[in-house]
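model.pdb follows; it contains PDB, C-alpha atoms.
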ATOM      1  CA  MET A   1     121.346 119.623 106.783
ATOM      2  CA  SER A   2     120.316 118.408 110.230
ATOM      3  CA  THR A   3     120.869 114.942 111.662
ATOM      4  CA  SER A   4     118.593 113.197 114.190
ATOM      5  CA  THR A   5     119.366 110.059 116.186
ATOM      6  CA  ASN A   6     116.430 109.512 118.549
ATOM      7  CA  VAL A   7     115.080 106.464 116.722
ATOM      8  CA  VAL A   8     113.089 103.984 118.851
ATOM      9  CA  LEU A   9     112.933 100.205 118.371
ATOM     10  CA  VAL A  10     109.239  99.321 117.963
ATOM     11  CA  CYS A  11     109.447  95.607 117.185
ATOM     12  CA  ASP A  12     112.567  93.453 117.508
ATOM     13  CA  ALA A  13     111.386  91.066 114.782
ATOM     14  CA  LYS A  14     114.849  90.174 113.484
ATOM     15  CA  ALA A  15     113.329  90.079 109.994
ATOM     16  CA  SER A  16     115.532  88.725 107.224
ATOM     17  CA  LEU A  17     114.296  91.437 104.856
ATOM     18  CA  GLY A  18     111.905  93.847 106.551
ATOM     19  CA  GLU A  19     110.076  95.951 103.964
ATOM     20  CA  GLY A  20     106.903  97.644 102.756
ATOM     21  CA  PRO A  21     105.516  99.588 105.754
ATOM     22  CA  VAL A  22     101.962 100.859 105.145
ATOM     23  CA  TRP A  23      99.733 102.695 107.628
ATOM     24  CA  ASN A  24      96.046 101.725 107.553
ATOM     25  CA  GLU A  25      94.100 104.789 108.700
ATOM     26  CA  ALA A  26      90.863 102.822 108.988
ATOM     27  CA  THR A  27      92.262 100.446 111.590
ATOM     28  CA  ASN A  28      95.168 102.471 113.057
ATOM     29  CA  GLN A  29      97.521  99.608 112.268
ATOM     30  CA  LEU A  30     100.888  99.455 110.560
ATOM     31  CA  TYR A  31     101.413  96.634 108.094
ATOM     32  CA  TRP A  32     104.963  95.647 107.238
ATOM     33  CA  LEU A  33     106.652  92.629 105.687
ATOM     34  CA  ASP A  34     109.550  90.214 105.846
ATOM     35  CA  ILE A  35     110.027  89.297 102.178
ATOM     36  CA  LEU A  36     112.491  86.449 102.705
ATOM     37  CA  GLY A  37     110.723  85.292 105.863
ATOM     38  CA  HIS A  38     107.398  85.234 103.944
ATOM     39  CA  ARG A  39     105.643  87.111 106.734
ATOM     40  CA  LEU A  40     103.097  89.875 107.125
ATOM     41  CA  HIS A  41     103.482  91.803 110.382
ATOM     42  CA  ILE A  42     100.563  93.814 111.800
ATOM     43  CA  HIS A  43     101.641  96.366 114.407
ATOM     44  CA  LEU A  44      99.186  98.039 116.803
ATOM     45  CA  PRO A  45     100.928 101.085 118.297
ATOM     46  CA  GLU A  46      98.478 101.352 121.192
ATOM     47  CA  GLN A  47      98.523  97.607 121.946
ATOM     48  CA  PRO A  48     101.886  96.247 120.790
ATOM     49  CA  GLN A  49     101.330  93.099 122.836
ATOM     50  CA  ASP A  50      98.619  92.230 120.297
ATOM     51  CA  ASP A  51     100.891  92.543 117.253
ATOM     52  CA  GLU A  52     100.188  89.768 114.746
ATOM     53  CA  MET A  53     102.398  87.838 112.326
ATOM     54  CA  ILE A  54     100.982  85.876 109.368
ATOM     55  CA  THR A  55     102.913  83.616 106.991
ATOM     56  CA  ILE A  56     102.129  84.248 103.308
ATOM     57  CA  GLU A  57     104.277  82.619 100.620
ATOM     58  CA  PRO A  58     106.176  83.049  98.392
ATOM     59  CA  TYR A  59     107.968  86.400  98.751
ATOM     60  CA  ILE A  60     105.238  88.710  99.992
ATOM     61  CA  SER A  61     106.840  92.022  99.000
ATOM     62  CA  SER A  62     104.273  94.849  99.089
ATOM     63  CA  LEU A  63     100.679  95.467 100.125
ATOM     64  CA  ALA A  64      97.919  98.031 100.328
ATOM     65  CA  PRO A  65      94.591  98.253 102.166
ATOM     66  CA  ARG A  66      91.634  97.398  99.929
ATOM     67  CA  GLN A  67      88.583  99.636  99.726
ATOM     68  CA  SER A  68      86.238  96.638  99.701
ATOM     69  CA  GLY A  69      87.958  95.114 102.733
ATOM     70  CA  GLY A  70      91.108  93.179 103.484
ATOM     71  CA  ILE A  71      94.337  93.897 101.661
ATOM     72  CA  VAL A  72      95.970  93.420  98.285
ATOM     73  CA  LEU A  73      99.551  92.258  97.989
ATOM     74  CA  THR A  74     102.266  91.086  95.641
ATOM     75  CA  LEU A  75     103.799  87.619  95.782
ATOM     76  CA  GLN A  76     106.497  86.277  93.479
ATOM     77  CA  ASP A  77     104.296  85.979  90.393
ATOM     78  CA  GLY A  78     101.580  88.587  90.630
ATOM     79  CA  PHE A  79      98.894  90.570  92.452
ATOM     80  CA  TYR A  80      96.654  88.937  95.064
ATOM     81  CA  SER A  81      93.915  89.821  97.517
ATOM     82  CA  TYR A  82      94.000  88.564 101.095
ATOM     83  CA  ASN A  83      91.151  88.239 103.590
ATOM     84  CA  LEU A  84      92.563  89.005 107.026
ATOM     85  CA  VAL A  85      89.640  87.264 108.747
ATOM     86  CA  ASN A  86      89.558  83.856 107.057
ATOM     87  CA  LYS A  87      93.137  84.066 105.709
ATOM     88  CA  GLU A  88      91.945  83.425 102.140
ATOM     89  CA  LEU A  89      94.394  84.299  99.345
ATOM     90  CA  THR A  90      93.003  85.021  95.853
ATOM     91  CA  LEU A  91      94.944  85.634  92.642
ATOM     92  CA  LEU A  92      93.903  88.891  90.943
ATOM     93  CA  ALA A  93      96.456  89.132  88.133
ATOM     94  CA  GLU A  94      99.297  86.815  87.214
ATOM     95  CA  VAL A  95     102.456  88.638  86.089
ATOM     96  CA  GLU A  96     105.861  87.213  85.185
ATOM     97  CA  ALA A  97     104.795  83.658  86.054
ATOM     98  CA  SER A  98     107.169  82.366  83.359
ATOM     99  CA  LEU A  99     110.097  84.381  84.758
ATOM    100  CA  THR A 100     110.939  82.028  87.601
ATOM    101  CA  ASP A 101     114.168  83.882  88.416
ATOM    102  CA  ASN A 102     112.211  87.079  89.129
ATOM    103  CA  ARG A 103     110.106  88.200  92.048
ATOM    104  CA  PHE A 104     108.057  91.270  92.834
ATOM    105  CA  ASN A 105     109.589  93.873  95.117
ATOM    106  CA  ASP A 106     108.199  97.242  96.231
ATOM    107  CA  GLY A 107     104.685  98.442  95.419
ATOM    108  CA  LYS A 108     102.116 101.089  96.318
ATOM    109  CA  CYS A 109      98.727 102.448  95.222
ATOM    110  CA  ASP A 110      98.431 105.691  93.285
ATOM    111  CA  PRO A 111      95.959 108.426  94.372
ATOM    112  CA  ARG A 112      93.218 106.894  92.179
ATOM    113  CA  GLY A 113      93.649 103.455  93.719
ATOM    114  CA  ARG A 114      95.623 101.637  91.042
ATOM    115  CA  TYR A 115      98.237  99.242  92.414
ATOM    116  CA  LEU A 116     101.751  99.771  91.049
ATOM    117  CA  ALA A 117     104.518  97.278  91.793
ATOM    118  CA  GLY A 118     107.853  96.374  90.259
ATOM    119  CA  SER A 119     109.996  93.289  89.936
ATOM    120  CA  MET A 120     113.645  92.285  90.170
ATOM    121  CA  SER A 121     115.937  89.328  89.509
ATOM    122  CA  LEU A 122     116.465  86.787  92.299
ATOM    123  CA  SER A 123     120.033  86.255  91.074
ATOM    124  CA  ASN A 124     120.971  89.947  90.938
ATOM    125  CA  GLN A 125     120.912  90.225  87.153
ATOM    126  CA  GLN A 126     120.580  93.780  85.900
ATOM    127  CA  ALA A 127     117.639  95.169  83.892
ATOM    128  CA  LYS A 128     115.503  92.022  84.266
ATOM    129  CA  GLY A 129     112.633  93.697  86.110
ATOM    130  CA  SER A 130     109.673  95.857  85.143
ATOM    131  CA  LEU A 131     107.164  98.218  86.757
ATOM    132  CA  TYR A 132     103.499  97.222  86.441
ATOM    133  CA  SER A 133     100.159  98.851  87.159
ATOM    134  CA  MET A 134      96.925  96.995  88.014
ATOM    135  CA  ASN A 135      93.612  98.823  87.744
ATOM    136  CA  SER A 136      90.289  98.227  89.524
ATOM    137  CA  ALA A 137      89.314  95.591  86.939
ATOM    138  CA  HIS A 138      92.566  93.719  87.669
ATOM    139  CA  HIS A 139      93.960  94.511  84.227
ATOM    140  CA  THR A 140      97.725  95.039  84.257
ATOM    141  CA  GLU A 141      99.918  97.302  82.164
ATOM    142  CA  THR A 142     103.694  97.499  81.919
ATOM    143  CA  LEU A 143     104.895 101.030  82.693
ATOM    144  CA  LEU A 144     108.669 100.472  82.663
ATOM    145  CA  THR A 145     111.058  97.753  81.515
ATOM    146  CA  ASP A 146     114.817  97.211  81.980
ATOM    147  CA  VAL A 147     114.511  97.845  85.710
ATOM    148  CA  SER A 148     117.145  96.253  87.954
ATOM    149  CA  ILE A 149     115.709  96.560  91.490
ATOM    150  CA  SER A 150     112.303  98.223  91.431
ATOM    151  CA  ASN A 151     111.935 100.134  94.680
ATOM    152  CA  GLY A 152     110.525 103.345  96.160
ATOM    153  CA  LEU A 153     107.318 104.890  94.830
ATOM    154  CA  ALA A 154     105.598 108.147  95.800
ATOM    155  CA  TRP A 155     103.205 110.711  94.322
ATOM    156  CA  SER A 156     102.957 114.466  94.716
ATOM    157  CA  ALA A 157      99.949 115.904  96.558
ATOM    158  CA  GLU A 158      98.258 116.740  93.241
ATOM    159  CA  GLY A 159      98.958 113.230  91.976
ATOM    160  CA  ASN A 160     100.429 114.503  88.711
ATOM    161  CA  THR A 161     104.034 113.601  89.543
ATOM    162  CA  MET A 162     105.280 110.094  90.333
ATOM    163  CA  TYR A 163     108.645 109.449  91.962
ATOM    164  CA  PHE A 164     110.500 106.158  91.471
ATOM    165  CA  ILE A 165     113.739 104.460  92.536
ATOM    166  CA  ASP A 166     115.660 101.786  90.647
ATOM    167  CA  THR A 167     118.217 101.092  93.366
ATOM    168  CA  PRO A 168     121.458 100.554  91.361
ATOM    169  CA  THR A 169     121.014 103.888  89.553
ATOM    170  CA  ARG A 170     121.446 105.737  92.893
ATOM    171  CA  LYS A 171     118.859 108.249  91.707
ATOM    172  CA  VAL A 172     115.261 109.254  92.276
ATOM    173  CA  VAL A 173     113.467 109.947  89.021
ATOM    174  CA  ALA A 174     110.191 111.753  88.460
ATOM    175  CA  PHE A 175     107.563 111.248  85.786
ATOM    176  CA  ASP A 176     104.544 113.238  84.741
ATOM    177  CA  TYR A 177     101.644 111.056  85.903
ATOM    178  CA  ASN A 178      98.264 111.020  84.170
ATOM    179  CA  LEU A 179      95.734 110.283  86.903
ATOM    180  CA  ASP A 180      93.006 109.480  84.376
ATOM    181  CA  THR A 181      94.986 106.860  82.453
ATOM    182  CA  GLY A 182      97.736 105.888  84.895
ATOM    183  CA  HIS A 183     100.356 106.487  82.202
ATOM    184  CA  ILE A 184     103.781 108.041  82.800
ATOM    185  CA  SER A 185     105.914 110.364  80.667
ATOM    186  CA  SER A 186     108.741 112.929  80.783
ATOM    187  CA  ARG A 187     111.237 110.976  82.872
ATOM    188  CA  ARG A 188     113.769 113.182  84.698
ATOM    189  CA  VAL A 189     116.242 112.860  87.567
ATOM    190  CA  VAL A 190     115.262 114.862  90.672
ATOM    191  CA  VAL A 191     117.635 113.451  93.318
ATOM    192  CA  GLU A 192     121.210 112.227  92.961
ATOM    193  CA  ILE A 193     122.251 110.174  95.995
ATOM    194  CA  GLY A 194     125.875 111.013  95.140
ATOM    195  CA  ASP A 195     128.370 110.344  97.922
ATOM    196  CA  GLN A 196     125.707 109.595 100.548
ATOM    197  CA  PRO A 197     126.225 106.184 102.191
ATOM    198  CA  GLY A 198     124.520 103.062 100.905
ATOM    199  CA  SER A 199     122.001 102.770  98.071
ATOM    200  CA  PRO A 200     118.453 104.190  97.803
ATOM    201  CA  ASP A 201     115.756 101.663  98.670
ATOM    202  CA  GLY A 202     112.160 102.361  99.763
ATOM    203  CA  MET A 203     110.679 105.861  99.806
ATOM    204  CA  THR A 204     107.779 107.940 101.062
ATOM    205  CA  ILE A 205     106.636 111.553 100.760
ATOM    206  CA  ASP A 206     105.596 114.000 103.481
ATOM    207  CA  ALA A 207     102.879 116.635 103.610
ATOM    208  CA  GLU A 208     105.395 119.284 102.515
ATOM    209  CA  GLY A 209     106.194 117.351  99.337
ATOM    210  CA  MET A 210     109.650 116.287 100.497
ATOM    211  CA  LEU A 211     110.930 112.748  99.829
ATOM    212  CA  TRP A 212     112.191 110.328 102.481
ATOM    213  CA  VAL A 213     114.593 107.671 101.215
ATOM    214  CA  ALA A 214     115.842 104.570 103.052
ATOM    215  CA  HIS A 215     119.527 103.734 102.492
ATOM    216  CA  TRP A 216     120.414 100.052 102.082
ATOM    217  CA  GLY A 217     123.877  99.677 103.581
ATOM    218  CA  GLY A 218     123.825 103.300 104.725
ATOM    219  CA  TRP A 219     122.550 103.215 108.343
ATOM    220  CA  CYS A 220     120.094 106.053 107.646
ATOM    221  CA  VAL A 221     116.961 107.569 106.166
ATOM    222  CA  THR A 222     117.348 110.870 104.332
ATOM    223  CA  ARG A 223     114.966 113.713 103.436
ATOM    224  CA  TRP A 224     115.279 115.435 100.052
ATOM    225  CA  ASN A 225     113.700 118.338  98.221
ATOM    226  CA  PRO A 226     112.745 116.942  94.789
ATOM    227  CA  HIS A 227     112.361 120.435  93.352
ATOM    228  CA  ASN A 228     116.037 121.325  93.707
ATOM    229  CA  GLY A 229     117.683 118.016  94.642
ATOM    230  CA  GLN A 230     118.849 119.332  98.033
ATOM    231  CA  LEU A 231     119.533 116.972 100.940
ATOM    232  CA  LEU A 232     117.622 118.353 103.941
ATOM    233  CA  GLN A 233     118.021 115.863 106.758
ATOM    234  CA  SER A 234     119.578 112.519 107.707
ATOM    235  CA  ILE A 235     118.132 110.184 110.340
ATOM    236  CA  ALA A 236     120.618 107.701 111.814
ATOM    237  CA  VAL A 237     119.275 104.158 112.235
ATOM    238  CA  PRO A 238     121.012 101.508 114.408
ATOM    239  CA  ALA A 239     120.950  98.980 111.558
ATOM    240  CA  SER A 240     122.955  99.155 108.352
ATOM    241  CA  GLN A 241     120.416  97.735 105.913
ATOM    242  CA  VAL A 242     117.605 100.284 106.039
ATOM    243  CA  THR A 243     114.919  99.228 103.591
ATOM    244  CA  SER A 244     111.883 101.498 103.652
ATOM    245  CA  CYS A 245     109.867 104.065 105.587
ATOM    246  CA  ALA A 246     106.289 105.281 105.925
ATOM    247  CA  PHE A 247     104.418 107.815 108.019
ATOM    248  CA  GLY A 248     101.806 106.512 110.422
ATOM    249  CA  GLY A 249     100.092 107.111 113.735
ATOM    250  CA  THR A 250      96.751 108.817 114.299
ATOM    251  CA  GLU A 251      98.303 112.176 113.364
ATOM    252  CA  LEU A 252     100.503 110.696 110.593
ATOM    253  CA  ASP A 253     103.484 112.206 112.412
ATOM    254  CA  THR A 254     105.447 109.038 113.201
ATOM    255  CA  LEU A 255     107.995 107.835 110.663
ATOM    256  CA  TYR A 256     108.220 104.041 110.717
ATOM    257  CA  ILE A 257     111.421 102.497 109.386
ATOM    258  CA  THR A 258     112.028  98.886 108.324
ATOM    259  CA  THR A 259     115.416  97.161 108.288
ATOM    260  CA  ALA A 260     117.007  93.842 107.289
ATOM    261  CA  ARG A 261     119.630  91.415 108.564
ATOM    262  CA  VAL A 262     120.074  89.193 105.492
ATOM    263  CA  GLY A 263     123.717  88.849 104.481
ATOM    264  CA  LEU A 264     125.130  90.238 107.716
ATOM    265  CA  SER A 265     127.916  88.254 109.373
ATOM    266  CA  GLU A 266     127.848  87.178 113.019
ATOM    267  CA  GLU A 267     130.367  89.917 113.770
ATOM    268  CA  GLU A 268     128.176  92.537 112.095
ATOM    269  CA  LEU A 269     125.090  91.331 113.953
ATOM    270  CA  ILE A 270     126.899  91.734 117.268
ATOM    271  CA  LYS A 271     127.323  95.420 116.381
ATOM    272  CA  GLN A 272     123.709  95.798 115.244
ATOM    273  CA  PRO A 273     121.663  93.284 117.288
ATOM    274  CA  ASN A 274     118.348  94.923 116.377
ATOM    275  CA  ALA A 275     118.898  94.647 112.617
ATOM    276  CA  GLY A 276     115.698  93.402 111.019
ATOM    277  CA  GLY A 277     113.629  95.382 113.503
ATOM    278  CA  LEU A 278     110.926  97.991 113.002
ATOM    279  CA  PHE A 279     111.914 101.458 114.235
ATOM    280  CA  SER A 280     110.083 104.758 114.607
ATOM    281  CA  ILE A 281     110.793 108.430 115.185
ATOM    282  CA  LYS A 282     108.672 111.587 115.645
ATOM    283  CA  LEU A 283     110.066 114.547 113.729
ATOM    284  CA  GLY A 284     107.381 117.223 113.897
ATOM    285  CA  ILE A 285     106.584 116.496 110.251
ATOM    286  CA  LYS A 286     103.425 114.850 108.946
ATOM    287  CA  GLY A 287     103.103 112.348 106.143
ATOM    288  CA  THR A 288     100.379 111.817 103.587
ATOM    289  CA  PRO A 289      97.681 109.136 103.858
ATOM    290  CA  SER A 290      98.367 105.889 102.020
ATOM    291  CA  SER A 291      96.041 105.214  99.096
ATOM    292  CA  MET A 292      93.733 102.187  99.100
ATOM    293  CA  PHE A 293      93.245  99.796  96.201
ATOM    294  CA  VAL A 294      89.836 100.428  94.633
ATOM    295  CA  GLY A 295      89.298  97.082  92.878
TER     296      GLY A 295
END

If you took the structure in this file and wrote it as structure tokens, what would it be?
Amino acid sequence: MSTSTNVVLVCDAKASLGEGPVWNEATNQLYWLDILGHRLHIHLPEQPQDDEMITIEPYISSLAPRQSGGIVLTLQDGFYSYNLVNKELTLLAEVEASLTDNRFNDGKCDPRGRYLAGSMSLSNQQAKGSLYSMNSAHHTETLLTDVSISNGLAWSAEGNTMYFIDTPTRKVVAFDYNLDTGHISSRRVVVEIGDQPGSPDGMTIDAEGMLWVAHWGGWCVTRWNPHNGQLLQSIAVPASQVTSCAFGGTELDTLYITTARVGLSEEELIKQPNAGGLFSIKLGIKGTPSSMFVG
């Protein structure tokens, strides 16, 4: 296993809960979020002075570019579309509106353009969340229940395997994924975090089919081989609460990393002043394009 430390601070946002980085190939922009700060950040790598920040409430937690324009996103109670020009927010599918102690967390589009996103308890209760899928007609299905903190999602290059993280389990599981129906089956564990520091949070996949996992409380992002469970690489991050990662840049060879500062004491923040920032690193490895929502 190799370790790299040449991570660069891209945006010192001091986000409470930075999350959900997504590269938009059409615009060469990186979208990322501050869930507790209710903010959408738009980063322009070539013109960082023009970075934008938009307030969207409550609990904007994931997003994806939309094929018909704009973006789709999850708020506390469901799936929405958002027009980046006129700032119009439109409800697409209400989910868990009656579960006021829940909110959506991580989400991502599958290779066919369905939008998958999962929920979690606001009061840290276990097994109160679920994983949902919304199709192009804005119909939702429940794929998993009894989820505690629904987090990382990724698909294999062929699209027939889905990877998923429920943070407290400290595991990455895989499912057979039916691209025609969007249904999952044959759950199995492919990565055991074991004695690695922190807990698994957000996740992405590279062009070689290897998984990148952010470690909440672990000061790092790790790379794993899901075919044999082997830990391949660890990237040190100068913030303890590492939340997610995504490949971006015109060559998809820059790994962007989000972090958080929620819950850190003043003493801890002195040791990690850039906690809540957006970081990046070039590793000589390319990612896979993010999928757009088709509805």

Contact residues around Ala214 in chain A with all atoms listed in the file at 7 Å, ignoring same-chain residues under 5 positions, as number ranges by chain
A: 200-203, 220-222, 242-245

Rank A:Gly198, A:Val7, A:Gly129, A:Ser290 by their smallest atom-to-atom distance to Thr254 in chain A, using all atoms listed in the file, and report the top residue only.
A:Val7

Find the spatial neighbours of Leu75 in chain A, counting only C-alpha atoms, within a cut-off of 8 Å - ignore same-chain residues fewer than 3 positions away - and output them as a PyMOL selection string.
chain A and resi 57-62+78-80+103-104

Exercise: Pro48 in chain A partners within 9 Å, all atoms listed in the file, chain neighbours under 5 positions left out, as JSON, numbers by chain:
{"A": [10, 11, 43]}

Which residues match the PyMOL selection byres ((chain A and resi 227) around 10) in the file above, as a list in words?
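So the PyMOL selection byres ((chain A and resi 227) around 10) ends up selecting Val190, Val191, Gly209, Met210, Trp224, Asn225, Pro226, Asn228, Gly229 and Gln230 of chain A.
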
Calculate how many Å separate CA of Gln233 in chain A from CA of Ile285 in chain A, rounding to one decimal.
12.0 Å

Quick one: everything within 10 Å of Leu264 in chain A, counting only C-alpha atoms, minus sequence neighbours fewer than 3 positions away in the same chain. Send it as a PDB file with C-alpha atoms, in the coordinates of the input.
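File produced: result-v4.pdb:
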ATOM      1  CA  SER A  16     115.532  88.725 107.224  1.00  0.00           C
ATOM      2  CA  SER A 240     122.955  99.155 108.352  1.00  0.00           C
ATOM      3  CA  GLN A 241     120.416  97.735 105.913  1.00  0.00           C
ATOM      4  CA  ALA A 260     117.007  93.842 107.289  1.00  0.00           C
ATOM      5  CA  ARG A 261     119.630  91.415 108.564  1.00  0.00           C
ATOM      6  CA  GLU A 267     130.367  89.917 113.770  1.00  0.00           C
ATOM      7  CA  GLU A 268     128.176  92.537 112.095  1.00  0.00           C
ATOM      8  CA  LEU A 269     125.090  91.331 113.953  1.00  0.00           C
ATOM      9  CA  ILE A 270     126.899  91.734 117.268  1.00  0.00           C
ATOM     10  CA  GLN A 272     123.709  95.798 115.244  1.00  0.00           C
ATOM     11  CA  ALA A 275     118.898  94.647 112.617  1.00  0.00           C
TER      12      ALA A 275
END

How far is it from CA of Met292 in chain A to CA of Pro65 in chain A, in Å with one decimal?
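Going from CA of Met292 in chain A over to CA of Pro65 in chain A, I get 5.1 Å.
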
Counting all atoms listed in the file, the residue of A:Pro273, A:Ala137, A:Leu131, A:Val237 that sits nearest Leu153 in chain A:
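Residue with the minimum atom-to-atom distance to Leu153 in chain A: A:Leu131.
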
Using only C-alpha atoms, the best pick from A:Gly276, A:Pro111, A:Gly248, A:Gly159 as closest to Leu17 in chain A would be A:Gly276

The PyMOL selection byres ((chain A and resi 147) around 12) - which residues does that actually catch in the file I just gave you? List them as an MDAnalysis selection string.
chainID A and resid 102 104:105 117:121 124:132 142:146 148:151 164:169
